>>> print(open('data20.cif').read())   # mmCIF, C-alpha atoms
data_work
loop_
_atom_site.label_atom_id
_atom_site.label_comp_id
_atom_site.auth_asym_id
_atom_site.auth_seq_id
_atom_site.Cartn_x
_atom_site.Cartn_y
_atom_site.Cartn_z
CA MET L 1023 58.85 37.87 -43.42
CA LYS L 1024 56.80 37.57 -46.60
CA ILE L 1025 53.97 40.10 -46.78
CA SER L 1026 51.80 37.53 -48.60
CA GLN L 1027 51.89 35.37 -45.45
CA VAL L 1028 50.98 38.10 -42.98
CA PRO L 1029 50.64 36.69 -39.45
CA GLU L 1030 48.09 38.14 -37.05
CA ALA L 1031 50.84 39.92 -35.08
CA LEU L 1032 51.87 41.83 -38.20
CA ASN L 1033 48.24 42.81 -38.87
CA GLN L 1034 47.92 44.13 -35.33
CA TYR L 1035 51.19 46.05 -35.67
CA ARG L 1036 49.98 47.65 -38.90
CA LYS L 1037 46.69 48.71 -37.25
CA LYS L 1038 48.58 50.30 -34.37
CA LEU L 1039 51.07 52.00 -36.67
CA GLU L 1040 48.29 53.41 -38.86
CA SER L 1041 46.55 54.85 -35.81
CA TYR L 1042 49.44 57.35 -35.81
CA ALA L 1043 50.08 57.84 -39.54
CA GLU L 1044 49.04 56.40 -42.87
CA VAL L 1045 51.52 53.90 -44.29
CA SER L 1046 51.54 52.90 -47.95
CA PRO L 1047 51.45 49.19 -48.78
CA GLU L 1048 54.92 49.46 -50.31
CA ASP L 1049 56.40 51.14 -47.23
CA PHE L 1050 54.79 48.61 -44.91
CA GLU L 1051 56.10 45.74 -47.03
CA GLN L 1052 59.64 47.12 -46.70
CA LEU L 1053 59.20 47.40 -42.94
CA ALA L 1054 57.71 43.91 -42.65
CA ASN L 1055 60.62 42.43 -44.56
CA VAL L 1056 63.11 43.54 -41.89
CA MET L 1057 60.96 42.67 -38.86
CA HIS L 1058 61.63 39.53 -36.82
CA GLU L 1059 59.44 37.76 -34.29
CA LYS L 1060 61.13 37.04 -31.00
CA ARG L 1061 59.56 35.29 -28.04
CA PHE L 1062 60.62 35.76 -24.44
CA SER L 1063 60.07 33.49 -21.48
CA LYS L 1064 58.51 34.65 -18.25
CA GLY L 1065 61.18 36.34 -16.14
CA GLU L 1066 63.63 36.71 -19.01
CA VAL L 1067 65.47 40.04 -19.05
CA ILE L 1068 65.11 41.85 -22.38
CA LEU L 1069 67.44 44.77 -21.69
CA LYS L 1070 69.85 45.07 -18.78
CA GLU L 1071 70.71 48.33 -17.08
CA GLY L 1072 73.57 50.01 -18.91
CA ASP L 1073 72.98 48.10 -22.18
CA ILE L 1074 72.14 50.02 -25.34
CA CYS L 1075 68.76 49.18 -26.85
CA LYS L 1076 69.25 48.12 -30.47
CA SER L 1077 65.69 47.13 -31.31
CA PHE L 1078 62.13 48.32 -31.33
CA ASN L 1079 59.65 45.95 -29.69
CA PHE L 1080 55.92 45.46 -30.22
CA ILE L 1081 54.06 43.35 -27.67
CA TYR L 1082 51.64 41.06 -29.45
CA LYS L 1083 50.69 38.87 -26.51
CA GLY L 1084 51.48 39.27 -22.83
CA LEU L 1085 53.11 42.12 -20.95
CA VAL L 1086 56.51 43.51 -20.08
CA ARG L 1087 57.52 44.95 -16.72
CA SER L 1088 60.24 47.53 -16.40
CA PHE L 1089 61.91 47.96 -13.04
CA GLY L 1090 64.84 49.56 -11.34
CA LEU L 1091 66.83 48.79 -8.23
CA GLU L 1092 66.60 50.94 -5.11
CA ASP L 1093 68.64 49.85 -2.10
CA GLY L 1094 69.00 46.41 -3.69
CA LYS L 1095 65.23 45.91 -4.10
CA GLU L 1096 63.32 45.74 -7.37
CA VAL L 1097 60.95 48.69 -7.82
CA ASN L 1098 58.40 48.55 -10.65
CA VAL L 1099 58.64 51.50 -13.01
CA ASN L 1100 56.00 50.59 -15.58
CA PHE L 1101 54.01 47.79 -17.18
CA TYR L 1102 53.60 47.55 -20.95
CA PHE L 1103 50.61 45.62 -22.28
CA GLU L 1104 49.52 44.32 -25.68
#
>>> encode(input="data20.cif", output="structure tokens")
Amino acid sequence: MKISQVPEALNQYRKKLESYAEVSPEDFEQLANVMHEKRFSKGEVILKEGDICKSFNFIYKGLVRSFGLEDGKEVNVNFYFE
């Protein structure tokens, strides 16, 4: 991802990141160069139980629901918003 063509999602990510700690333009450019946008469809499973998470996700638009199974029924654990 070229920093000179910063999409709105990357701007929002930078704002959120800098609410925790200051990030130099050089450091953010390095981070932006390894980031990838990925879109998910409604109902698509991002991470299955037992799988190892190999990514860090930032929700630009929409929400993600995490759930577990209890007695064969889905039980909501949390909702993650933009």
>>> closest_residue(input="data20.cif", among="L:Phe1101, L:Arg1061, L:Pro1029, L:Arg1036", to="Asp1049 of chain L", atoms="all atoms listed in the file")
L:Arg1036
>>> closest_residue(input="data20.cif", among="L:Glu1066, L:Asp1093, L:Asp1073, L:Glu1051", to="Leu1032 of chain L", atoms="all atoms listed in the file")
L:Glu1051
>>> residues_around(input="data20.cif", residues="segment 1087-1091 of chain L", least_positions_apart="5", cutoff="10 Å", atoms="all atoms listed in the file", output="ChimeraX atom specification")
/L:1065,1067-1069,1071,1096-1103
>>> atom_distance(input="data20.cif", atom1="atom CA of Glu1030 of chain L", atom2="atom CA of Gly1084 of chain L")
14.7 Å
>>> resolve_selection(input="data20.cif", expression="the PyMOL selection byres ((chain L and resi 1081-1083) around 7)", output="PyMOL selection string")
chain L and resi 1031+1079-1080+1084-1085+1103-1104
>>> atom_distance(input="data20.cif", atom1="atom CA of Lys1038 of chain L", atom2="atom CA of Ser1063 of chain L")
24.1 Å
>>> atom_distance(input="data20.cif", atom1="atom CA of Val1086 of chain L", atom2="atom CA of Glu1044 of chain L")
27.2 Å
>>> decode(input="data20.cif", residues="segment 1069-1098 of chain L", atoms="N, CA and C atoms", output="PDB file, in the first residue's frame")
ATOM      1  N   LEU L1069     -12.166 -16.705  11.820  1.00  0.00           N
ATOM      2  CA  LEU L1069     -11.260 -17.592  12.543  1.00  0.00           C
ATOM      3  C   LEU L1069     -12.086 -18.699  13.200  1.00  0.00           C
ATOM      4  N   LYS L1070     -11.743 -19.929  12.879  1.00  0.00           N
ATOM      5  CA  LYS L1070     -12.470 -21.069  13.438  1.00  0.00           C
ATOM      6  C   LYS L1070     -11.855 -21.498  14.759  1.00  0.00           C
ATOM      7  N   GLU L1071     -12.671 -22.069  15.610  1.00  0.00           N
ATOM      8  CA  GLU L1071     -12.205 -22.582  16.888  1.00  0.00           C
ATOM      9  C   GLU L1071     -11.057 -23.562  16.660  1.00  0.00           C
ATOM     10  N   GLY L1072      -9.986 -23.371  17.406  1.00  0.00           N
ATOM     11  CA  GLY L1072      -8.828 -24.242  17.296  1.00  0.00           C
ATOM     12  C   GLY L1072      -7.770 -23.733  16.332  1.00  0.00           C
ATOM     13  N   ASP L1073      -8.153 -22.813  15.420  1.00  0.00           N
ATOM     14  CA  ASP L1073      -7.176 -22.229  14.492  1.00  0.00           C
ATOM     15  C   ASP L1073      -6.315 -21.203  15.222  1.00  0.00           C
ATOM     16  N   ILE L1074      -5.117 -21.000  14.724  1.00  0.00           N
ATOM     17  CA  ILE L1074      -4.211 -20.000  15.285  1.00  0.00           C
ATOM     18  C   ILE L1074      -4.371 -18.702  14.502  1.00  0.00           C
ATOM     19  N   CYS L1075      -4.616 -17.617  15.200  1.00  0.00           N
ATOM     20  CA  CYS L1075      -4.770 -16.313  14.559  1.00  0.00           C
ATOM     21  C   CYS L1075      -3.399 -15.835  14.085  1.00  0.00           C
ATOM     22  N   LYS L1076      -3.305 -15.513  12.802  1.00  0.00           N
ATOM     23  CA  LYS L1076      -2.033 -15.083  12.218  1.00  0.00           C
ATOM     24  C   LYS L1076      -2.118 -13.663  11.675  1.00  0.00           C
ATOM     25  N   SER L1077      -3.116 -12.912  12.114  1.00  0.00           N
ATOM     26  CA  SER L1077      -3.268 -11.550  11.618  1.00  0.00           C
ATOM     27  C   SER L1077      -3.850 -10.665  12.707  1.00  0.00           C
ATOM     28  N   PHE L1078      -3.724  -9.381  12.466  1.00  0.00           N
ATOM     29  CA  PHE L1078      -4.325  -8.369  13.319  1.00  0.00           C
ATOM     30  C   PHE L1078      -5.361  -7.676  12.456  1.00  0.00           C
ATOM     31  N   ASN L1079      -6.580  -7.525  12.957  1.00  0.00           N
ATOM     32  CA  ASN L1079      -7.651  -6.961  12.138  1.00  0.00           C
ATOM     33  C   ASN L1079      -8.143  -5.641  12.704  1.00  0.00           C
ATOM     34  N   PHE L1080      -8.443  -4.729  11.803  1.00  0.00           N
ATOM     35  CA  PHE L1080      -9.016  -3.424  12.135  1.00  0.00           C
ATOM     36  C   PHE L1080     -10.314  -3.312  11.359  1.00  0.00           C
ATOM     37  N   ILE L1081     -11.409  -3.063  12.063  1.00  0.00           N
ATOM     38  CA  ILE L1081     -12.717  -2.987  11.412  1.00  0.00           C
ATOM     39  C   ILE L1081     -12.961  -1.560  10.966  1.00  0.00           C
ATOM     40  N   TYR L1082     -12.978  -1.369   9.645  1.00  0.00           N
ATOM     41  CA  TYR L1082     -13.215  -0.043   9.088  1.00  0.00           C
ATOM     42  C   TYR L1082     -14.707   0.220   8.936  1.00  0.00           C
ATOM     43  N   LYS L1083     -15.442  -0.769   8.470  1.00  0.00           N
ATOM     44  CA  LYS L1083     -16.875  -0.598   8.273  1.00  0.00           C
ATOM     45  C   LYS L1083     -17.575  -1.908   8.618  1.00  0.00           C
ATOM     46  N   GLY L1084     -18.596  -1.814   9.437  1.00  0.00           N
ATOM     47  CA  GLY L1084     -19.365  -2.995   9.806  1.00  0.00           C
ATOM     48  C   GLY L1084     -19.089  -3.441  11.227  1.00  0.00           C
ATOM     49  N   LEU L1085     -19.338  -4.706  11.499  1.00  0.00           N
ATOM     50  CA  LEU L1085     -19.075  -5.268  12.818  1.00  0.00           C
ATOM     51  C   LEU L1085     -18.748  -6.734  12.700  1.00  0.00           C
ATOM     52  N   VAL L1086     -18.139  -7.250  13.745  1.00  0.00           N
ATOM     53  CA  VAL L1086     -17.776  -8.666  13.816  1.00  0.00           C
ATOM     54  C   VAL L1086     -18.367  -9.229  15.103  1.00  0.00           C
ATOM     55  N   ARG L1087     -18.934 -10.418  14.992  1.00  0.00           N
ATOM     56  CA  ARG L1087     -19.511 -11.101  16.154  1.00  0.00           C
ATOM     57  C   ARG L1087     -18.623 -12.283  16.486  1.00  0.00           C
ATOM     58  N   SER L1088     -18.291 -12.413  17.761  1.00  0.00           N
ATOM     59  CA  SER L1088     -17.587 -13.631  18.179  1.00  0.00           C
ATOM     60  C   SER L1088     -18.575 -14.461  18.992  1.00  0.00           C
ATOM     61  N   PHE L1089     -18.477 -15.772  18.799  1.00  0.00           N
ATOM     62  CA  PHE L1089     -19.427 -16.653  19.474  1.00  0.00           C
ATOM     63  C   PHE L1089     -18.755 -17.974  19.797  1.00  0.00           C
ATOM     64  N   GLY L1090     -19.368 -18.687  20.693  1.00  0.00           N
ATOM     65  CA  GLY L1090     -18.922 -20.025  21.049  1.00  0.00           C
ATOM     66  C   GLY L1090     -20.107 -20.973  20.972  1.00  0.00           C
ATOM     67  N   LEU L1091     -19.825 -22.243  21.114  1.00  0.00           N
ATOM     68  CA  LEU L1091     -20.894 -23.238  21.097  1.00  0.00           C
ATOM     69  C   LEU L1091     -21.081 -23.812  22.495  1.00  0.00           C
ATOM     70  N   GLU L1092     -22.328 -23.832  22.932  1.00  0.00           N
ATOM     71  CA  GLU L1092     -22.687 -24.452  24.208  1.00  0.00           C
ATOM     72  C   GLU L1092     -23.859 -25.384  23.945  1.00  0.00           C
ATOM     73  N   ASP L1093     -23.649 -26.650  24.194  1.00  0.00           N
ATOM     74  CA  ASP L1093     -24.682 -27.666  23.923  1.00  0.00           C
ATOM     75  C   ASP L1093     -25.166 -27.600  22.479  1.00  0.00           C
ATOM     76  N   GLY L1094     -24.253 -27.331  21.556  1.00  0.00           N
ATOM     77  CA  GLY L1094     -24.584 -27.296  20.135  1.00  0.00           C
ATOM     78  C   GLY L1094     -25.264 -26.022  19.663  1.00  0.00           C
ATOM     79  N   LYS L1095     -25.424 -25.035  20.545  1.00  0.00           N
ATOM     80  CA  LYS L1095     -26.070 -23.768  20.175  1.00  0.00           C
ATOM     81  C   LYS L1095     -25.047 -22.642  20.191  1.00  0.00           C
ATOM     82  N   GLU L1096     -25.182 -21.720  19.231  1.00  0.00           N
ATOM     83  CA  GLU L1096     -24.300 -20.559  19.190  1.00  0.00           C
ATOM     84  C   GLU L1096     -24.649 -19.602  20.326  1.00  0.00           C
ATOM     85  N   VAL L1097     -23.619 -19.172  21.072  1.00  0.00           N
ATOM     86  CA  VAL L1097     -23.798 -18.212  22.149  1.00  0.00           C
ATOM     87  C   VAL L1097     -22.870 -17.033  21.865  1.00  0.00           C
ATOM     88  N   ASN L1098     -23.441 -15.837  21.741  1.00  0.00           N
ATOM     89  CA  ASN L1098     -22.656 -14.646  21.464  1.00  0.00           C
ATOM     90  C   ASN L1098     -21.708 -14.361  22.623  1.00  0.00           C
TER      91      ASN L1098
END
